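**Q** What follows is the file start17.txt, containing compact mmCIF, C-alpha atoms:
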```txt
# COMPACT_ATOMS: atom_id res chain seq x y z
CA MET A 46 17.76 -18.48 -5.64
CA GLN A 47 14.71 -19.54 -7.56
CA VAL A 48 13.22 -16.06 -7.16
CA LEU A 49 16.42 -14.59 -8.56
CA THR A 50 16.39 -16.74 -11.69
CA LYS A 51 12.71 -16.00 -12.27
CA LYS A 52 13.47 -12.30 -12.02
CA LYS A 53 16.36 -12.64 -14.44
CA LEU A 54 14.12 -14.50 -16.88
CA ILE A 55 11.44 -11.83 -16.75
CA ALA A 56 14.06 -9.10 -17.09
CA ALA A 57 15.57 -10.83 -20.12
CA LEU A 58 12.11 -11.26 -21.64
CA ILE A 59 11.34 -7.57 -21.20
CA VAL A 60 14.68 -6.51 -22.70
CA PHE A 61 14.18 -8.82 -25.68
CA SER A 62 10.63 -7.64 -26.37
CA ILE A 63 11.74 -4.00 -26.19
CA LEU A 64 14.59 -4.75 -28.60
CA GLY A 65 12.24 -6.70 -30.87
CA GLY A 66 9.68 -3.93 -30.89
CA PHE A 67 12.38 -1.37 -31.57
CA LEU A 68 13.80 -3.34 -34.52
CA LEU A 69 10.33 -3.96 -35.97
CA LEU A 70 9.25 -0.33 -35.72
CA TYR A 71 12.66 0.92 -36.85
CA SER A 72 12.80 -1.28 -39.95
CA PHE A 73 9.24 -0.93 -41.19
CA ASN A 74 7.15 2.19 -41.62
CA PRO A 75 3.62 1.50 -40.32
CA SER A 76 2.28 3.91 -42.97
CA THR A 77 3.42 1.66 -45.80
CA ASN A 78 3.28 -1.80 -44.23
CA THR A 79 -0.04 -3.49 -43.53
CA PHE A 80 1.03 -6.13 -41.02
CA PHE A 81 0.97 -3.67 -38.12
CA LEU A 82 -2.12 -3.97 -35.94
CA PRO A 83 -4.56 -1.13 -36.47
CA CYS A 84 -6.25 0.70 -33.60
CA PRO A 85 -9.61 -1.05 -32.99
CA PHE A 86 -11.25 2.17 -31.82
CA HIS A 87 -10.29 3.92 -35.05
CA HIS A 88 -11.54 1.03 -37.15
CA LEU A 89 -14.87 0.74 -35.35
CA THR A 90 -15.71 4.43 -35.13
CA GLY A 91 -13.50 6.18 -37.69
CA LEU A 92 -12.51 8.55 -34.88
CA ASN A 93 -9.03 9.10 -33.50
CA CYS A 94 -8.17 7.98 -29.99
CA PRO A 95 -5.39 9.63 -27.93
CA GLY A 96 -3.08 6.78 -28.98
CA CYS A 97 -3.75 6.97 -32.71
CA GLY A 98 -0.57 7.64 -34.66
CA SER A 99 1.69 6.33 -31.87
CA GLN A 100 3.16 3.48 -33.91
CA ARG A 101 3.94 5.76 -36.84
CA ALA A 102 5.25 8.41 -34.46
CA LEU A 103 7.56 5.85 -32.81
CA HIS A 104 8.88 4.81 -36.22
CA HIS A 105 9.84 8.39 -36.96
CA LEU A 106 11.19 8.95 -33.43
CA PHE A 107 13.56 6.02 -33.90
CA HIS A 108 14.76 7.69 -37.10
CA LEU A 109 15.24 10.94 -35.14
CA GLU A 110 12.58 12.71 -37.20
CA PHE A 111 11.09 14.47 -34.22
CA LEU A 112 8.87 16.93 -36.07
CA THR A 113 7.21 14.18 -38.17
CA ALA A 114 6.70 12.12 -35.01
CA PHE A 115 5.24 15.13 -33.24
CA LYS A 116 2.72 15.62 -36.06
CA TYR A 117 1.50 12.03 -35.75
CA ASN A 118 0.96 12.12 -32.00
CA PRO A 119 2.15 15.18 -30.03
CA LEU A 120 0.84 13.84 -26.71
CA MET A 121 2.77 10.59 -27.04
CA VAL A 122 5.99 12.34 -28.08
CA LEU A 123 5.76 14.80 -25.18
CA THR A 124 4.98 12.05 -22.66
CA MET A 125 7.70 9.69 -23.91
CA PRO A 126 10.70 11.10 -21.97
CA LEU A 127 8.72 10.92 -18.72
CA VAL A 128 7.49 7.41 -19.50
CA ILE A 129 11.01 6.20 -20.33
CA TYR A 130 12.31 7.67 -17.07
CA ALA A 131 9.47 6.12 -15.06
CA LEU A 132 9.96 2.75 -16.73
CA GLY A 133 13.67 2.99 -15.88
CA VAL A 134 12.82 3.59 -12.21
CA THR A 135 10.31 0.70 -12.24
CA PHE A 136 12.84 -1.62 -13.85
CA TYR A 137 15.53 -0.57 -11.34
CA ASN A 138 13.14 -1.25 -8.46
CA PHE A 139 12.29 -4.64 -9.93
CA ILE A 140 15.92 -5.72 -10.37
CA PHE A 141 17.31 -4.39 -7.09
CA GLY A 142 14.18 -4.77 -4.94
CA THR A 143 14.19 -1.09 -4.02
CA ASN A 144 11.22 1.24 -3.48
CA HIS A 145 12.17 4.36 -5.39
CA ARG A 146 9.17 6.52 -6.24
CA LEU A 147 8.74 9.21 -8.85
CA LYS A 148 7.41 12.20 -6.89
CA LEU A 149 5.43 13.49 -9.86
CA PHE A 150 3.54 10.22 -10.26
CA TYR A 151 2.46 10.32 -6.63
CA ASN A 152 1.01 13.79 -7.00
CA ASN A 153 -2.71 13.57 -7.74
CA TRP A 154 -2.73 17.03 -9.31
CA PHE A 155 -0.39 15.68 -11.96
CA ILE A 156 -2.46 12.54 -12.52
CA TRP A 157 -5.79 14.37 -12.85
CA GLY A 158 -4.09 16.97 -15.03
CA PHE A 159 -2.74 14.29 -17.33
CA LEU A 160 -6.15 12.63 -17.51
CA ILE A 161 -7.91 15.90 -18.36
CA ILE A 162 -5.29 16.81 -20.99
CA THR A 163 -5.70 13.35 -22.53
CA VAL A 164 -9.49 13.65 -22.74
CA ILE A 165 -9.30 17.18 -24.20
CA PHE A 166 -6.70 15.97 -26.70
CA TRP A 167 -8.98 13.06 -27.60
CA ILE A 168 -11.92 15.39 -28.31
CA LEU A 169 -9.95 18.10 -30.12
CA ARG A 170 -8.15 15.77 -32.52
CA ASN A 171 -11.55 14.67 -33.82
CA VAL A 172 -12.66 18.22 -34.65
CA PRO A 173 -12.30 18.43 -38.43
CA TYR A 174 -11.51 22.17 -38.55
CA PHE A 175 -8.30 24.15 -38.49
CA PRO A 176 -6.29 24.30 -36.23
CA PHE A 177 -7.62 21.19 -34.46
CA ASN A 178 -7.23 18.98 -37.54
CA LEU A 179 -3.45 19.40 -37.10
CA LEU A 180 -3.73 17.16 -34.03
CA ALA A 181 -5.13 14.25 -36.06
CA PRO A 182 -2.62 11.72 -37.44
CA THR A 183 -2.63 12.01 -41.22
CA MET B 29 7.88 -4.70 -1.68
CA ASP B 30 10.04 -5.68 1.30
CA ASN B 31 8.78 -2.73 3.34
CA PHE B 32 5.21 -3.89 3.20
CA ASN B 33 5.57 -7.30 4.79
CA ASN B 34 5.37 -5.71 8.23
CA PRO B 35 3.33 -2.55 7.81
CA PRO B 36 3.64 -0.27 10.83
CA ILE B 37 0.44 0.97 12.47
CA THR B 38 0.99 4.61 11.52
CA ASN B 39 2.17 6.08 8.27
CA PRO B 40 5.93 6.62 8.60
CA PRO B 41 6.98 10.04 7.34
CA GLY B 42 9.08 9.63 4.22
CA GLY B 43 8.10 6.00 3.76
CA ALA B 44 7.53 4.88 0.18
CA PRO B 45 3.85 4.63 -0.76
CA PRO B 46 2.69 1.41 -2.46
CA GLU B 47 3.38 1.17 -6.19
CA ASN B 48 0.60 2.95 -8.10
CA TYR B 49 1.54 1.56 -11.54
CA LEU B 50 0.83 4.94 -13.12
CA VAL B 51 3.48 4.52 -15.81
CA TRP B 52 1.68 1.42 -17.10
CA SER B 53 -1.71 3.11 -17.21
CA ILE B 54 -0.16 6.05 -19.08
CA LEU B 55 1.40 3.61 -21.54
CA ALA B 56 -1.95 1.87 -21.99
CA THR B 57 -3.60 5.24 -22.51
CA ILE B 58 -1.21 6.69 -25.09
CA PHE B 59 -1.10 3.38 -26.99
CA CYS B 60 -4.86 2.75 -27.07
CA CYS B 61 -7.13 0.55 -24.90
CA ILE B 62 -8.24 3.86 -23.45
CA PRO B 63 -11.23 3.06 -21.16
CA LEU B 64 -9.27 0.49 -19.14
CA GLY B 65 -6.26 2.80 -18.94
CA ILE B 66 -8.47 5.52 -17.48
CA VAL B 67 -9.84 3.18 -14.80
CA ALA B 68 -6.25 2.26 -13.91
CA ILE B 69 -5.23 5.94 -13.73
CA ILE B 70 -8.10 6.67 -11.33
CA LYS B 71 -7.05 3.71 -9.17
CA SER B 72 -3.55 5.22 -9.08
CA THR B 73 -4.90 8.46 -7.61
CA LYS B 74 -6.65 6.35 -4.95
CA VAL B 75 -3.31 4.87 -3.87
CA ASN B 76 -1.87 8.34 -3.23
CA GLU B 77 -5.03 9.67 -1.61
CA LEU B 78 -5.41 6.82 0.88
CA TRP B 79 -1.68 6.77 1.62
CA ASN B 80 -1.69 10.47 2.41
CA LEU B 81 -4.65 9.93 4.73
CA GLY B 82 -2.60 7.31 6.56
CA ASP B 83 -4.84 4.46 5.42
CA GLN B 84 -2.14 1.89 4.69
CA MET B 85 -4.43 -1.08 4.12
CA GLY B 86 -6.65 0.97 1.82
CA ALA B 87 -3.62 2.19 -0.12
CA LEU B 88 -2.32 -1.36 -0.50
CA LYS B 89 -5.71 -2.51 -1.75
CA ALA B 90 -5.89 0.39 -4.21
CA SER B 91 -2.39 -0.55 -5.35
CA ALA B 92 -3.53 -4.11 -6.03
CA ASP B 93 -6.57 -2.73 -7.88
CA ALA B 94 -4.39 -0.45 -10.01
CA LYS B 95 -2.18 -3.43 -10.88
CA LYS B 96 -5.23 -5.51 -11.80
CA TRP B 97 -6.61 -2.84 -14.15
CA THR B 98 -3.28 -2.18 -15.86
CA ILE B 99 -2.98 -5.91 -16.47
CA TYR B 100 -6.52 -5.95 -17.90
CA ALA B 101 -5.62 -3.02 -20.14
CA ALA B 102 -2.37 -4.67 -21.24
CA ILE B 103 -4.06 -7.99 -22.04
CA ILE B 104 -7.52 -7.04 -23.30
CA GLY B 105 -6.30 -4.20 -25.53
CA PRO B 106 -4.01 -6.32 -27.73
CA ILE B 107 -6.40 -9.33 -27.70
CA PHE B 108 -9.25 -7.11 -28.87
CA THR B 109 -6.98 -5.61 -31.53
CA ILE B 110 -5.96 -9.05 -32.81
CA ILE B 111 -9.59 -10.23 -32.89
CA MET B 112 -10.51 -7.11 -34.87
CA TRP B 113 -7.62 -7.77 -37.21
CA VAL B 114 -8.66 -11.39 -37.80
CA VAL B 115 -12.29 -10.37 -38.36
CA ILE B 116 -11.27 -7.72 -40.87
CA MET B 117 -9.08 -10.22 -42.73
CA PHE B 118 -11.74 -12.95 -42.60
CA PHE B 119 -14.42 -10.84 -44.20
CA GLY B 120 -12.08 -9.76 -46.94
CA PHE B 121 -12.40 -6.12 -46.07
CA ALA B 122 -8.64 -5.97 -46.10
CA GLY B 123 -8.48 -3.73 -49.13
CA ALA B 124 -11.33 -1.45 -48.14
CA LEU B 125 -10.91 -1.06 -44.41
CA PHE B 126 -7.27 -1.75 -43.84
CA ASP B 127 -5.94 1.69 -44.55
CA ALA B 128 -2.23 0.90 -44.44
CA GLY B 129 -1.99 -0.08 -40.80
CA SER B 130 -3.11 3.16 -39.26
CA TYR B 131 -2.88 2.99 -35.51
```
So that I can check it, write out the structure of this file as structure tokens.
**A**
Amino acid sequence: MQVLTKKKLIAALIVFSILGGFLLLYSFNPSTNTFFLPCPFHHLTGLNCPGCGSQRALHHLFHLEFLTAFKYNPLMVLTMPLVIYALGVTFYNFIFGTNHRLKLFYNNWFIWGFLIITVIFWILRNVPYFPFNLLAPT
Amino acid sequence: MDNFNNPPITNPPGGAPPENYLVWSILATIFCCIPLGIVAIIKSTKVNELWNLGDQMGALKASADAKKWTIYAAIIGPIFTIIMWVVIMFFGFAGALFDAGSY
């Protein structure tokens, strides 16, 4: 019984933080509001990391402006449907105590592929020449 | 996790491998705190590798490792970001460095 209530509490907390994050990112554009946390990597080095532009991209995704979001962070936008699906499976497992597994995530070819794509994306979006500069969030 | 309280000696065909927490390491990776996310992703591949070799204990240990690193990524990333933020504010670089909340 105690385990159940703890689970419910955590589940509620997760749902509320997702809702909160959604409302915050929906209501305020990170490009024009300064209270959003900046990427420390970008601030220290001036370079773009694979996650740079994700907050701004999410803001535009929530407003259904897919192309603008894609320009800010194509990798994040492309990965998002998969991540949402995987989070759904994880959440389902957590609530119902099941052991469903996403086949793709248990395939090492996929994982190494994702890692390599991420690293290449990281390097290319810091190349200041056309067409690579299109990958940088501006 | 119910299946893992009594792990059988051999790897049952079709049994669920231990959680590899890949979705969390991907999240950490596409929303910054990159180096820790990458360690977590590599730990995730270990889970699959050991499980496929039939090494249940190894896979469970790798699973615990993957969890540990995703938690590190999830905690250290934001803490580091907040410290950076406070430092930037404190030194009054807000105007110069704080280019409109770029992430």
**Q** Would you mind telling me which residue in B:Tyr49, B:Thr109, B:Gly82, B:Ala101 lies nearest to Ile156 in chain A when using only C-alpha atoms?
**A**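 With only C-alpha atoms as the atom set, the closest residue is B:Tyr49.
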**Q** Please return as a list in words every residue within 8 Å of (9.6, 8.4, -30.5), taking into account all atoms listed in the file and the file's own coordinates.
**A**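 The residues that fall inside the cut-off are Ala102, Leu103, His104, His105, Leu106, Phe107, Leu109, Phe111, Ala114, Met121, Val122 and Met125 of chain A.
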**Q** Give me the residues near Asp93 in chain B as an MDAnalysis selection string, where near means some atom within 9 Å (using all atoms listed in the file) and where sequence neighbours in that chain fewer than 6 positions away do not count.
**A** chainID B and resid 68 71:72
**Q** Report as JSON, numbers by chain all protein, DNA and RNA residues lying within 9 Å of Ala181 in chain A, evaluated on all atoms listed in the file, omitting residues in the same chain fewer than 6 positions from it.
**A** {"A": [93, 97, 98, 116, 117, 118, 169, 170, 171, 172, 173]}
**Q** I need the residue nearest chain B from this list: A:Gly96, A:Gly65, A:Pro182, A:Gly91. Use all atoms listed in the file for the distance.
**A**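 Counting all atoms listed in the file, the residue closest to chain B is A:Gly96.
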**Q** What residues in chain A have any atom no more than 7 Å from chain B when counting only C-alpha atoms, and can you write them as an MDAnalysis selection string?
**A** chainID A and resid 75:85 94:100 121 128 131:132 144 146 150:151 153 156
**Q** For CA of Phe136 in chain A and CA of Ile63 in chain A, quote the distance in Å rounded to one decimal.
**A**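 One can read the CA of Phe136 in chain A to CA of Ile63 in chain A distance as 12.6 Å.
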**Q** Padding 3 Å on every side, please: axis-aligned box over the listed atoms of range 83-100 of chain B, centre and edge lengths to one decimal in Å, as JSON.
**A**
```
{"center_x": -4.4, "center_y": -0.7, "center_z": -6.2, "size_x": 10.5, "size_y": 16.4, "size_z": 29.3}
```
**Q** Identify, on the basis of all atoms listed in the file, every residue whose closest approach to Phe139 in chain A does not exceed 9 Å; exclude the query and any residue fewer than 5 positions from it along the same chain; express the result as a list in words.
**A**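 Answer for this query is Lys52, Ala56, Val134 and Asn144 of chain A.
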**Q** For CA of Ile59 in chain A and CA of Ile129 in chain A, determine how far apart the two atoms are, in Å to one decimal place.
**A**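 For CA of Ile59 in chain A relative to CA of Ile129 in chain A, the distance reads 13.8 Å.
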**Q** So what do you get for CA of Glu110 in chain A versus CA of His88 in chain A, distance-wise?
**A**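 According to the coordinates, CA of Glu110 in chain A and CA of His88 in chain A are separated by 26.8 Å.
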